[in-house]
Amino acid sequence: MLIVVILPLFAGILMPMLPFRTRKAMLVYLETVVSINSLLVLLLLLYMPEGTLTLFRFTGNLSVTFRLDGMGAVFAGMAAVLWPLAMLYSFEYMKHEDNEGSFFLFYVVTYGVTMGIALAENILTMYFFFEMLSLVTLPLVLHTRTREAILAARSYLYYMLGGAAFAFIGMVFILVYGTTSSFVAGGVLNMAGIGEKSDMLLLIYVLCFCGFSVKTAMWPFSSWLPKAGVAPTPVTALLHAVAVVNTGAFATMRVTYFSFGTELLRGTWAQKVVMVPVIFTIVYGCSRAVKETHLKRRLAWSTISNLSYILFGVVLMTPLGLVGAMAHMLFHSFMKICSFFCVGAVIYQTSKHYVQEIDGFGWRMPKIFCCFTVSAFALMGVPGLCGFVSKWNLAKAAVDSEMPLAYVGIAALMVSALLTAIYMMDIVIRAFCPVKGSDAVDDKNVKDANWKMWVPLAVFVAVMFYFGLHSGPVMELLEGMIY
Amino acid sequence: MQGLLLISIGLPAVAGILLLVLAFSEHLRAVGGTGVKHMRLYLFVSVMLVASVLLATTAAWTGDNSVVLFRLIESIPVYFRVDEVGRFFITIVSVIWLAVGLYSVPYMKHEGGEKRYYGFFLLSYGVLTGFVYAGNLITMYLFYELITLVSMPLVLHNGTREAVTAARKYLFYSLCGAYGGLFGIFFLYRYCGSLDFMMGGTLDAAAVRGHEGILLMVVFVMLMGFGVKAGMLPFHAWLPAAHSVAPSPASAMLSAVIVKAGVIAIVRVVFYVIGTDFLRGTWVQYLWMTLALLTVFMGSMLAYRERGFKKRLAYSTVSQVSYILYGLSLLTSEAMAGALFHVAAHGLIKCGLFLTAGVFLYRFGYTRVEELEGLGKEMPKVMWCYTLFALGLVGIPPTCGFISKWYLAQGSLHSEIPVFSWLGPVVLLVSALLTAGYLLPITIKGFFPGEEKSRENRKVHSGEEVCQGKEIASSMLIPLLVLAVLVLVLGIFPITLFK
Amino acid sequence: MDFVCNFPFISIILSLFSGPLCSILPGKWAKRVNGIVIIVVGILSAFVLAYVTGTGEAFIYRMGHFPAPWGNEIRIGVLEAFMGLFFCVIMLLCMVAGVREREAQIEESKQNLYYVMVNLLLCSLLALIYTNDLFTAYVFVEINTISACGLIMIRQNGRTIEAATRYMIMSLLGSGLLLLGICFLYDLTGHLLMSNIKEQVHILAQTGQYHIPLMVSVGLISVGLAMKSALYPFHAWLPDAYGYSTLSSAAILSSLVSKGYIFLLIKVFYRVVGFEILTGSKVANVLFVFGIVGMIMGSINAIQEEQITRMIAYSSVAQIGYIYMGIGLATQEGMVASIYHVISHGATKSLLFVAASGLAAASAGRTSRELVGSGYRNKLAGIAFTVGSLSMVGMPMFSGFISKLFFAQAAVGHAHKMLPTFIALAISTVLNAAYFMKMVICIYSPRYGGDTTGENTIVGRVVFMKEQPVKSVALICFIVLNVVLGLNSEPIIRLIQKGLAMFG
């Protein structure tokens with residue numbers, strides 16, 4: 001279990017020390033490392049080893065400990081599938097960029113850190129890797145080293161560390177008042193020790209939730225994500241649509257369901273307080289996406305909205321809500337990474353960054369844009385694709401919770417679906433049905449991307465269809481892990 | 001028999017996708033002239049269309065079939081079942097599709113992009129089949145969304161800025177409606193025994209108790225949502241825009257069939273899932289009726305004011321579809337029968353009207369009402385067909401429009417709902433007058449233009465090669481004649497449909 | 001009494017007399033003697049530590065074996081011994097790292113003087129740590145002040161003289177207040193020896209007599225020492241003093257001198273006033289409030305600062321705020337956290353100063369504009385600076401995280417101070433990140449703000465590790481120290497707890 005965390009870390013750190021004669025040797029090395037690691041992860045998931053593994057102790061009962069449980073397995077499995085594919089994609093994409101070495105170094109290291117979060121057994125371990133993640137992804141944001149990138153990296157860092165600071169408060173609270181620091185379904189708080197201070201506890205929860213949700217870019221902490229879009233597309237796609245932001249969601253799940261415990265929180269003012277910004281973000285992110293014309297930033301806003309779907313599931317504080325949230329986390333990863341890679345391919349092939357520049361590209365790059373269309377449909381929640389399944393589960397959970405605020409949340413989901421349709425279909429329509437007479441239509445230089453780019457995309461599309469049409473097993477898995 | 005059901009959905013869909021792929025590869029290779037392949041294309045499309053129509057109708061009339069395709073989510077199968085409404089609707093769809101398919105051959109040759117057009121044409125047939133055979137709400141919703149997505153390319157077919165804007169408007173309005181419907185489905189899932197369609201509804205009384213208020217609200221949202229597609233009042237703006245810029249055969253399909261998808265969806269929700277008992281006498285019913293009547297009236301008024309021919313027809317659709325909605329909102333079986341009959345009647349009539357509009361557009365490039373003066377002399381057959389359709393829409397016996405309106409009015413008067421029972425027929429009557437007012441003058445001016453318009457002034461727009469001196473190509477005329485005959489036959493022997 | 005018991009006294013005397021010795025030796029020899037003295041003292045302290053840990057209780061060493069109240073006592077527990085060791089290690093590393101700068105920046109003739117001052121400083125620090133006598137403490141506080149002044153001033157430019165003057169004034173003010181406090185206590189209790197005073201204070205507290213004078217004297221001592229250790233409103237002398245003096249001075253001053261006073265204050269609280277009385281008084285609250293204000297204001301000042309050393313100096317103000325906040329919590333856990341932070345901050349801040357000087361050496365100057373890209377030119381210093389910054393920000397794996405964790409844990413459950421502590425910690429973390437990470441990003445960006453016009457062409461040269469072996473070794477030691485403190489804090493925490501128990 002330890003290996004899957006350590007291997008990418010070391011492989012990454014070793015990288016500058018190994019003498020690669022050609023670019024190819026380096027790429028082979030990287031892909032091998034990542035694939036082996038993914039295989040190991042999948043093996044782990046197959047055997048689901050029991051027991052825990054302590055790496056070292058900070059002090060007293062605070063240790064860095066790993067354990068694989070259902071939720072972690074889902075997250076780890078997701079990352080394990082996505083990473084090698086994203087790696088393949090970035091080999092092609094990064095050809096155009098400088099400093100490949102340092103890029104891949106941190107890209108691989110991030111894999112290890114993400115695994116660390118997935119396998120974390122207690123809140124301290126999670127916090128530890130959570131902070132590490134902010135750090136190792138910083139150079140990736142900074143990659144191009146332009147003024148824009150530096151400013152983006154700064155705001156990224158401030159938000160991340162600020163969030164961590166608030167999350168820290170919650171963590172300390174759990175360390176002191178919890179019966180144990182491990183994650184136990186249903187919460188670990190020692191009620192006898194809290195006594196009269198439940199209001200204080202709720203306040204701490206709210207702070208902690210906000211802290212972790214900075215990483216999921218919940219409003220009002222959302223502005224870092226679109227800015228971080230200056231990073232190369234593989235980074236924006238894998239990290240800022242999937243890995244990093246999902247760790248935030250994952251952490252809120254852990255804290256809400258496994259540390260504080262939903263019994264305590266359900267129906268309190270704290271639940272309402274956190275639910276309001278979540279619902280607002282769902283709509284806000286989408287409406288900003290509609291307004292945005294920069295392709296990657298538009299998707300970034302869309303991510304913000306979709307991540308709040310996940311958070312919405314989390315703050316429903318019912319097992320069903322958690323199932324919905326996990327499902328959306330899983331499915332959204334595939335949808336969003338697919339759409340990001342498509343956009344990345346467009347940028348790579350044509351250096352066009354804005355929506356109004358892609359008129360008619362659909363006919364020149366059919367593979368890419370077909371994949372994009374599928375992901376757009378999935379994000380809109382067309383039945384038959386995975387987006388619908390998770391949306392359905394979220395809404396079902398919300399209806400079952402019988403909270404008026406949750407009903408508002410469902411309405412927000414619908415409004416956001418409509419807005420999603422607007423900003424995604426806008427691109428699709430432009431690409432396939434350019435207004436007559438626009439000059440971009442017959443630009444012969446625009447070519448479809450090569451196999452390294454579209455193979456991952458095809459896999460994502462297949463996965464979206466698979467989960468959309470046959471969600472039974474995966475949903476059972478998710479439910480099994482909750483109950 | 002189960003396989004038949006699936007094939008009837010799958011065949012046109014697969015064929016359509018195939019055509020689209022072809023269109024794509026063609027574009028990539030940038031092949032210029034496609035003239036040589038036309039025959040093969042038509043052969044393919046016609047064989048596919050006839051085959052699917054045969055399949056679909058046999059599936060429909062060989063008894064109650066049902067099949068579970070697979071499970072979308074454990075508790076929600078994609079489930080198809082043939083029932084009366086489906087049987088009825090698929091027949092209309094098939095007739096219209098055959099007519100339009102024939103009509104499209106010369107028309108689309110002129111417009112270009114045929115592969116794309118026929119691709120989506122077949123695809124929408126498959127999706128519509130799936131839609132009417134859907135056995136539960138989720139399956140229906142799935143196909144409902146797909147209808148929007150596959151019919152949208154038909155709207156933006158000619159790719160002008162106007163068309164693209166209209167297509168977007170169509171897409172977003174429709175999706176907005178669909179999401180309203182989905183919102184309701186989430187709740188119904190909680191409060192209904194199952195989402196399967198069953199006459200009389202599946203509402204779980206125990207679960208509903210105490211939540212009536214929220215459920216009514218939800219039903220209202222669903223009605224409004226599906227009403228978007230049917231062009232009900234606050235959300236009708238997309239309809240004139242989209243229907244007028246699409247190629248005429250596509251407008252015919254949209255206006256005659258696609259808008260009815262909203263109607264069918266409402267029928268399914270109100271009569272088959274929630275049940276009429278729950279709604280009767282609630283504020284939802286009254287509000288629904290009010291909106292429907294308002295739409296009937298406003299649609300006619302707007303049509304009356306409109307000078308663009310196709311746009312006028314589109315506004316007329318807004319008004320006519322709300323006849324149906326009004327019929328449904330009465331929640332009685334008599335009115336419902338009238339409403340469903342109007343689905344058929346309006347479908348045939350409006351299809352015919354748009355096809356005639358297409359003829360004028362195709363031959364002379366005329367789009368505005370004034371330009372049609374004096375055309376009766378040059379195109380008498382077409383003009384006579386038009387007149388018949390117009391009379392049908394106004395509701396003059398012996399056309400089928402009369403029958404449906406009769407039943408609607410009857411249903412309204414028997415419904416014993418205060419005010420509305422008499423207000424409804426009055427509004428219907430006024431609207432019929434308006435309909436006469438905006439449709440019949442075209443006939444009159446067509447045959448009796450005030451001053452003689454010389455033939456030399458007309459410039460033939462297109463289609464010279466297929467018409468060869470005749471009034472119009474026979475492949476365009478035959479569908480018109482068939483539709484006209486059907487309108488009359490249904491008007492004289494309505495019993496066949498009332499079974 | 002074991003022979004080891006003589007060691008503390010020996011080390012004080014050794015460092016005291018090596019001072020004058022240095023003044024007559026030639027420069028090079030002075031340096032060596034100084035180094036040897038520090039090492040020897042360190043080794044002695046290590047022995048003492050081992051001994052005390054072995055016996056498990058503090059011992060008292062009477063100079064000349066005269067019993068109190070005539071004799072002078074030093075008292076050594078685990079904590080004192082450990083502090084002695086720790087101070088020696090840091091001082092040695094600072095001295096080693098700053099060799100080159102010292103030689104470049106200090107006039108040849110004054111080199112000896114510098115070592116005299118350092119030796120005196122070491123002597124006074126040791127005495128502050130070990131002493132069991134309030135008046136002795138005062139005496140060495142003064143010696144400490146004077147030698148610190150010398151360290152600041154020895155690099156002669158206008159700024160340092162001004163800084164030294166400021167430092168002198170503030171420090172003497174502090175000393176004065178301290179002296180007043182001691183006088184009051186003496187007046188109240190009739191003793192100068194800590195143990196005796198405590199007995200008397202206990203009686204006074206029980207009878208309720210002289211409550212106000214007692215509180216006043218506690219307050220005076222606290223404020224006096226706070227002033228000397230640059231608690232927020234009294235920090236004006238600090239940025240200049242740290243920012244412009246030579247490297248080893250800055251590092252030593254920031255990581256040791258102010259910490260010596262803090263240690264003395266904690267010792268006073270435990271050994272003189274008694275913890276219960278402190279908890280009951282309002283002095284702790286005052287310290288708490290000023291600590292929090294310091295945490296935030298120090299960081300805000302640091303954000304506005306362009307020059308790297310001054311920035312680090314302001315950050316010290318913030319960190320001292322942390323320590324006073326911990327003391328102000330007036331709980332056992334708070335004290336543990338504070339003492340841990342004394343250690344962790346000592347290790348980190350000197351690391352930062354050394355790394356900053358390394359970066360500056362590879363650039364044209366010390367402002368952030370000039371430091372752009374220096375992380376590439378001097379790789380080790382860049383890494384070291386990053387490590388230090390992360391530790392300051394409180395990243396897990398580094399020492400800063402542990403102290404933050406302990407502060408927060410100490411605050412949990414405190415009736416009134418929990419929320420303020422939490423919020424202050426969170427805000428100050430963000431602020432710390434704001435300036436430290438900005439600097440880190442800056443030293444790792446190739447151009448200033450993507451300016452490609454060439455106007456801001458970077459002047460600087462590449463500095464290799466081999467060029468400065470000693471400094472590199474020192475830096476590596478610092479990094480290792482930091483990581484060890486961050487990953488393996490358990491023994492130290494236990495040691496601190498044991499030491500505090502021995503205070504009582």
# chains A, B, ... in the order shown; residues from 1 in each chain; ligands from 1

$ select_by_dssp --residues "segment 176-400 of chain C" --states "helix (DSSP H, G or I)" --output "PyMOL selection string"
chain C and resi 176-189+194-207+211-228+232-234+238-244+247-273+275-280+283-304+308-328+332-361+374-377+379-393+399-400

$ closest_atom_pairs --of "chain C" --to "chain A" --cutoff "9 Å" --atoms "only C-alpha atoms" --output "Markdown table"
| residue | atom | partner | partner_atom | distance |
| --- | --- | --- | --- | --- |
| C:Val393 | CA | A:Leu161 | CA | 8.3 |
| C:Gly394 | CA | A:Ala165 | CA | 8.9 |
| C:Met395 | CA | A:Glu131 | CA | 6.6 |
| C:Pro396 | CA | A:Phe128 | CA | 5.5 |
| C:Met397 | CA | A:Phe128 | CA | 7.8 |
| C:Ile402 | CA | A:Phe58 | CA | 8.0 |
| C:Leu405 | CA | A:Val172 | CA | 7.0 |
| C:Phe406 | CA | A:Val172 | CA | 8.8 |
| C:Ala408 | CA | A:Val172 | CA | 6.3 |
| C:Gln409 | CA | A:Val172 | CA | 5.8 |
| C:Val412 | CA | A:Phe173 | CA | 6.5 |
| C:Gly413 | CA | A:Val176 | CA | 8.6 |
| C:Leu419 | CA | A:Met200 | CA | 8.9 |
| C:Phe422 | CA | A:Ile169 | CA | 6.3 |
| C:Ile423 | CA | A:Phe166 | CA | 8.2 |
| C:Leu425 | CA | A:Ala165 | CA | 7.5 |
| C:Ala426 | CA | A:Ala165 | CA | 4.8 |
| C:Ile427 | CA | A:Gly162 | CA | 7.6 |
| C:Ser428 | CA | A:Ala165 | CA | 8.9 |
| C:Thr429 | CA | A:Ala165 | CA | 6.3 |
| C:Val430 | CA | A:Gly162 | CA | 4.9 |
| C:Leu431 | CA | A:Tyr158 | CA | 8.5 |
| C:Ala433 | CA | A:Tyr158 | CA | 6.4 |
| C:Ala434 | CA | A:Tyr158 | CA | 6.3 |
| C:Met437 | CA | A:Arg154 | CA | 7.6 |
| C:Lys438 | CA | A:Arg154 | CA | 6.6 |
| C:Ile441 | CA | A:Ile150 | CA | 7.4 |
| C:Cys442 | CA | A:Ile150 | CA | 8.4 |
| C:Ser445 | CA | A:Arg145 | CA | 6.3 |
| C:Pro446 | CA | A:Arg145 | CA | 7.2 |
| C:Arg447 | CA | A:Arg145 | CA | 7.9 |
| C:Tyr448 | CA | A:Arg147 | CA | 7.8 |
| C:Gly449 | CA | A:Arg147 | CA | 4.3 |
| C:Gly450 | CA | A:Arg147 | CA | 4.5 |
| C:Asp451 | CA | A:Arg147 | CA | 7.5 |
| C:Gly486 | CA | A:Phe58 | CA | 7.3 |
| C:Leu487 | CA | A:Phe58 | CA | 5.2 |
| C:Asn488 | CA | A:Phe58 | CA | 5.6 |
| C:Ser489 | CA | A:Thr59 | CA | 5.7 |
| C:Glu490 | CA | A:Thr59 | CA | 4.4 |
| C:Pro491 | CA | A:Thr59 | CA | 8.3 |
| C:Ile493 | CA | A:Thr59 | CA | 8.1 |

$ residues_around --residues "segment 10-27 of chain C" --least-positions-apart "4" --cutoff "8 Å" --atoms "only C-alpha atoms" --output "VMD selection string"
chain C and resid 6 31 33 to 34 37 to 38 40 to 41 44 108 111 to 113 115 to 120 122 to 124 126 to 127

$ closest_atom_pairs --of "chain A" --to "chain B" --cutoff "9 Å" --atoms "only C-alpha atoms" --output "Markdown table"
| residue | atom | partner | partner_atom | distance |
| --- | --- | --- | --- | --- |
| A:Trp363 | CA | B:His27 | CA | 6.9 |
| A:Arg364 | CA | B:Leu28 | CA | 6.7 |
| A:Met365 | CA | B:Leu28 | CA | 8.9 |
| A:Pro366 | CA | B:Phe24 | CA | 7.6 |
| A:Val382 | CA | B:Glu145 | CA | 6.8 |
| A:Pro383 | CA | B:Leu142 | CA | 5.2 |
| A:Gly384 | CA | B:Leu72 | CA | 7.0 |
| A:Val389 | CA | B:Ile73 | CA | 6.8 |
| A:Trp392 | CA | B:Phe186 | CA | 7.1 |
| A:Ala395 | CA | B:Phe186 | CA | 6.1 |
| A:Lys396 | CA | B:Phe186 | CA | 5.9 |
| A:Ala398 | CA | B:Phe186 | CA | 8.9 |
| A:Val399 | CA | B:Phe187 | CA | 6.1 |
| A:Asp400 | CA | B:Arg190 | CA | 7.0 |
| A:Ile410 | CA | B:Phe183 | CA | 6.9 |
| A:Ala411 | CA | B:Phe183 | CA | 6.8 |
| A:Leu413 | CA | B:Phe183 | CA | 8.6 |
| A:Met414 | CA | B:Tyr179 | CA | 5.5 |
| A:Val415 | CA | B:Tyr179 | CA | 7.7 |
| A:Ala417 | CA | B:Tyr179 | CA | 7.3 |
| A:Leu418 | CA | B:Cys176 | CA | 5.7 |
| A:Leu419 | CA | B:Phe172 | CA | 8.6 |
| A:Ala421 | CA | B:Phe172 | CA | 7.1 |
| A:Ile422 | CA | B:Phe172 | CA | 6.6 |
| A:Met425 | CA | B:Arg168 | CA | 8.4 |
| A:Asp426 | CA | B:Arg168 | CA | 7.8 |
| A:Ile429 | CA | B:Val164 | CA | 8.0 |
| A:Arg430 | CA | B:Val164 | CA | 8.8 |
| A:Cys433 | CA | B:Gly159 | CA | 6.3 |
| A:Pro434 | CA | B:Gly159 | CA | 6.7 |
| A:Val435 | CA | B:Arg161 | CA | 5.3 |
| A:Lys436 | CA | B:Thr160 | CA | 5.4 |
| A:Gly437 | CA | B:Thr160 | CA | 8.6 |
| A:Phe467 | CA | B:Leu72 | CA | 8.8 |
| A:Gly468 | CA | B:Leu72 | CA | 6.8 |
| A:Leu469 | CA | B:Leu72 | CA | 5.2 |
| A:His470 | CA | B:Leu72 | CA | 5.8 |
| A:Ser471 | CA | B:Ile73 | CA | 5.6 |
| A:Gly472 | CA | B:Glu74 | CA | 5.2 |
| A:Pro473 | CA | B:Glu74 | CA | 8.6 |
| A:Met475 | CA | B:Ile73 | CA | 8.0 |
| A:Glu476 | CA | B:Glu74 | CA | 8.6 |

$ residues_around --residues "Val108 of chain A" --least-positions-apart "3" --cutoff "12 Å" --atoms "only C-alpha atoms" --output "MDAnalysis selection string"
chainID A and resid 4:15 27 29:35 37:38 79:80 83:84 86:87 90 101:105 111:115 133 136:137 140 235 238:239

$ residues_around --residues "Gly200 of chain B" --least-positions-apart "2" --cutoff "6 Å" --atoms "only C-alpha atoms" --output "PyMOL selection string"
chain B and resi 271-272+275

$ write_last_selection --atoms "C-alpha atoms" --output "mmCIF file, in the first residue's frame"
data_model
loop_
_atom_site.group_PDB
_atom_site.id
_atom_site.type_symbol
_atom_site.label_atom_id
_atom_site.label_comp_id
_atom_site.auth_asym_id
_atom_site.auth_seq_id
_atom_site.Cartn_x
_atom_site.Cartn_y
_atom_site.Cartn_z
ATOM 1 C CA PHE B 271 -53.101 10.924 -17.032
ATOM 2 C CA TYR B 272 -50.648 8.100 -16.635
ATOM 3 C CA GLY B 275 -53.738 10.775 -12.251
#

$ residues_around --residues "segment 294-297 of chain A" --least-positions-apart "2" --cutoff "8 Å" --atoms "only C-alpha atoms" --output "VMD selection string"
chain A and resid 226 to 227 229 289 292 299 to 301 340 343 353 to 355

$ closest_residue --among "C:Ser357, C:Thr145, C:Ser229, C:Ser389" --to "Ile262 of chain C" --atoms "only C-alpha atoms"
C:Ser229

$ atom_distance --atom1 "atom CA of Asp277 of chain B" --atom2 "atom CA of Gly130 of chain B"
28.4 Å

$ residues_around --residues "Met153 of chain C" --least-positions-apart "5" --cutoff "10 Å" --atoms "only C-alpha atoms" --output "ChimeraX atom specification"
/C:106,114,147-148,158-165,241,244-246,249

$ write_last_selection --atoms "N, CA and C atoms" --output "PDB file, in the first residue's frame"
ATOM      1  N   ILE C 106      33.220  43.472   8.335  1.00  0.00           N
ATOM      2  CA  ILE C 106      33.722  44.059   9.572  1.00  0.00           C
ATOM      3  C   ILE C 106      35.184  44.431   9.378  1.00  0.00           C
ATOM      4  N   TYR C 114      34.391  41.402  17.823  1.00  0.00           N
ATOM      5  CA  TYR C 114      33.183  40.648  17.506  1.00  0.00           C
ATOM      6  C   TYR C 114      33.125  39.362  18.318  1.00  0.00           C
ATOM      7  N   SER C 147      26.218  43.238  24.805  1.00  0.00           N
ATOM      8  CA  SER C 147      26.909  42.485  23.758  1.00  0.00           C
ATOM      9  C   SER C 147      26.086  42.454  22.483  1.00  0.00           C
ATOM     10  N   ALA C 148      24.748  42.392  22.627  1.00  0.00           N
ATOM     11  CA  ALA C 148      23.904  42.397  21.440  1.00  0.00           C
ATOM     12  C   ALA C 148      24.086  43.692  20.681  1.00  0.00           C
ATOM     13  N   GLY C 158      25.728  53.734   8.645  1.00  0.00           N
ATOM     14  CA  GLY C 158      24.863  54.619   9.405  1.00  0.00           C
ATOM     15  C   GLY C 158      23.675  53.903   9.999  1.00  0.00           C
ATOM     16  N   ARG C 159      23.135  53.039   9.213  1.00  0.00           N
ATOM     17  CA  ARG C 159      21.925  52.350   9.637  1.00  0.00           C
ATOM     18  C   ARG C 159      22.112  51.567  10.924  1.00  0.00           C
ATOM     19  N   THR C 160      23.221  50.825  11.001  1.00  0.00           N
ATOM     20  CA  THR C 160      23.387  49.973  12.170  1.00  0.00           C
ATOM     21  C   THR C 160      23.564  50.792  13.429  1.00  0.00           C
ATOM     22  N   ILE C 161      24.208  51.932  13.289  1.00  0.00           N
ATOM     23  CA  ILE C 161      24.392  52.753  14.487  1.00  0.00           C
ATOM     24  C   ILE C 161      23.053  53.246  14.986  1.00  0.00           C
ATOM     25  N   GLU C 162      22.234  53.667  14.021  1.00  0.00           N
ATOM     26  CA  GLU C 162      20.910  54.116  14.412  1.00  0.00           C
ATOM     27  C   GLU C 162      20.127  52.962  15.037  1.00  0.00           C
ATOM     28  N   ALA C 163      20.247  51.794  14.384  1.00  0.00           N
ATOM     29  CA  ALA C 163      19.520  50.637  14.884  1.00  0.00           C
ATOM     30  C   ALA C 163      19.982  50.284  16.283  1.00  0.00           C
ATOM     31  N   ALA C 164      21.317  50.309  16.463  1.00  0.00           N
ATOM     32  CA  ALA C 164      21.844  49.955  17.770  1.00  0.00           C
ATOM     33  C   ALA C 164      21.362  50.928  18.822  1.00  0.00           C
ATOM     34  N   THR C 165      21.292  52.199  18.445  1.00  0.00           N
ATOM     35  CA  THR C 165      20.825  53.196  19.401  1.00  0.00           C
ATOM     36  C   THR C 165      19.383  52.901  19.809  1.00  0.00           C
ATOM     37  N   ALA C 241      17.646  46.513  13.167  1.00  0.00           N
ATOM     38  CA  ALA C 241      18.736  45.805  13.825  1.00  0.00           C
ATOM     39  C   ALA C 241      19.015  44.480  13.132  1.00  0.00           C
ATOM     40  N   TYR C 244      20.016  45.076   8.963  1.00  0.00           N
ATOM     41  CA  TYR C 244      21.246  45.681   8.444  1.00  0.00           C
ATOM     42  C   TYR C 244      22.516  45.152   9.067  1.00  0.00           C
ATOM     43  N   SER C 245      22.369  44.401  10.163  1.00  0.00           N
ATOM     44  CA  SER C 245      23.601  43.926  10.779  1.00  0.00           C
ATOM     45  C   SER C 245      24.159  42.776   9.951  1.00  0.00           C
ATOM     46  N   THR C 246      25.380  42.375  10.310  1.00  0.00           N
ATOM     47  CA  THR C 246      25.988  41.295   9.538  1.00  0.00           C
ATOM     48  C   THR C 246      25.266  39.983   9.784  1.00  0.00           C
ATOM     49  N   SER C 249      25.219  38.034  13.085  1.00  0.00           N
ATOM     50  CA  SER C 249      24.563  38.811  14.141  1.00  0.00           C
ATOM     51  C   SER C 249      23.060  38.693  14.007  1.00  0.00           C
TER      52      SER C 249
END

$ select_by_dssp --residues "segment 41-283 of chain C" --states "strand (DSSP E or B)" --output "list in words"
Phe59, Ile60, Tyr61, Arg62, Met63, Asn72, Glu73, Ile74, Arg75, Ile76, Thr131, Asp133 and Leu193 of chain C

$ atom_distance --atom1 "atom CA of Pro404 of chain A" --atom2 "atom CA of Ile279 of chain A"
12.5 Å

$ atom_distance --atom1 "atom CA of Val245 of chain B" --atom2 "atom CA of Glu306 of chain B"
14.8 Å

$ decode --residues "segment 413-422 of chain C" --atoms "N, CA and C atoms" --output "compact mmCIF listing (two decimals), in the first residue's frame"
# COMPACT_ATOMS: atom_id res chain seq x y z
N GLY C 413 -10.87 24.23 23.74
CA GLY C 413 -11.45 24.01 25.05
C GLY C 413 -11.21 25.15 26.01
N HIS C 414 -10.40 26.09 25.62
CA HIS C 414 -10.23 27.25 26.46
C HIS C 414 -11.47 28.10 26.34
N ALA C 415 -11.99 28.49 27.49
CA ALA C 415 -13.32 29.09 27.49
C ALA C 415 -13.42 30.29 26.54
N HIS C 416 -12.52 31.26 26.74
CA HIS C 416 -12.70 32.49 25.98
C HIS C 416 -11.68 32.65 24.86
N LYS C 417 -10.59 31.95 24.99
CA LYS C 417 -9.50 32.26 24.06
C LYS C 417 -9.45 31.34 22.87
N MET C 418 -10.37 30.38 22.80
CA MET C 418 -10.27 29.40 21.72
C MET C 418 -10.46 30.06 20.36
N LEU C 419 -11.60 30.75 20.22
CA LEU C 419 -11.90 31.29 18.90
C LEU C 419 -10.89 32.33 18.45
N PRO C 420 -10.58 33.29 19.34
CA PRO C 420 -9.56 34.26 18.91
C PRO C 420 -8.27 33.57 18.46
N THR C 421 -7.87 32.55 19.21
CA THR C 421 -6.63 31.88 18.83
C THR C 421 -6.76 31.26 17.44
N PHE C 422 -7.87 30.55 17.25
CA PHE C 422 -8.07 29.88 15.97
C PHE C 422 -8.04 30.88 14.83
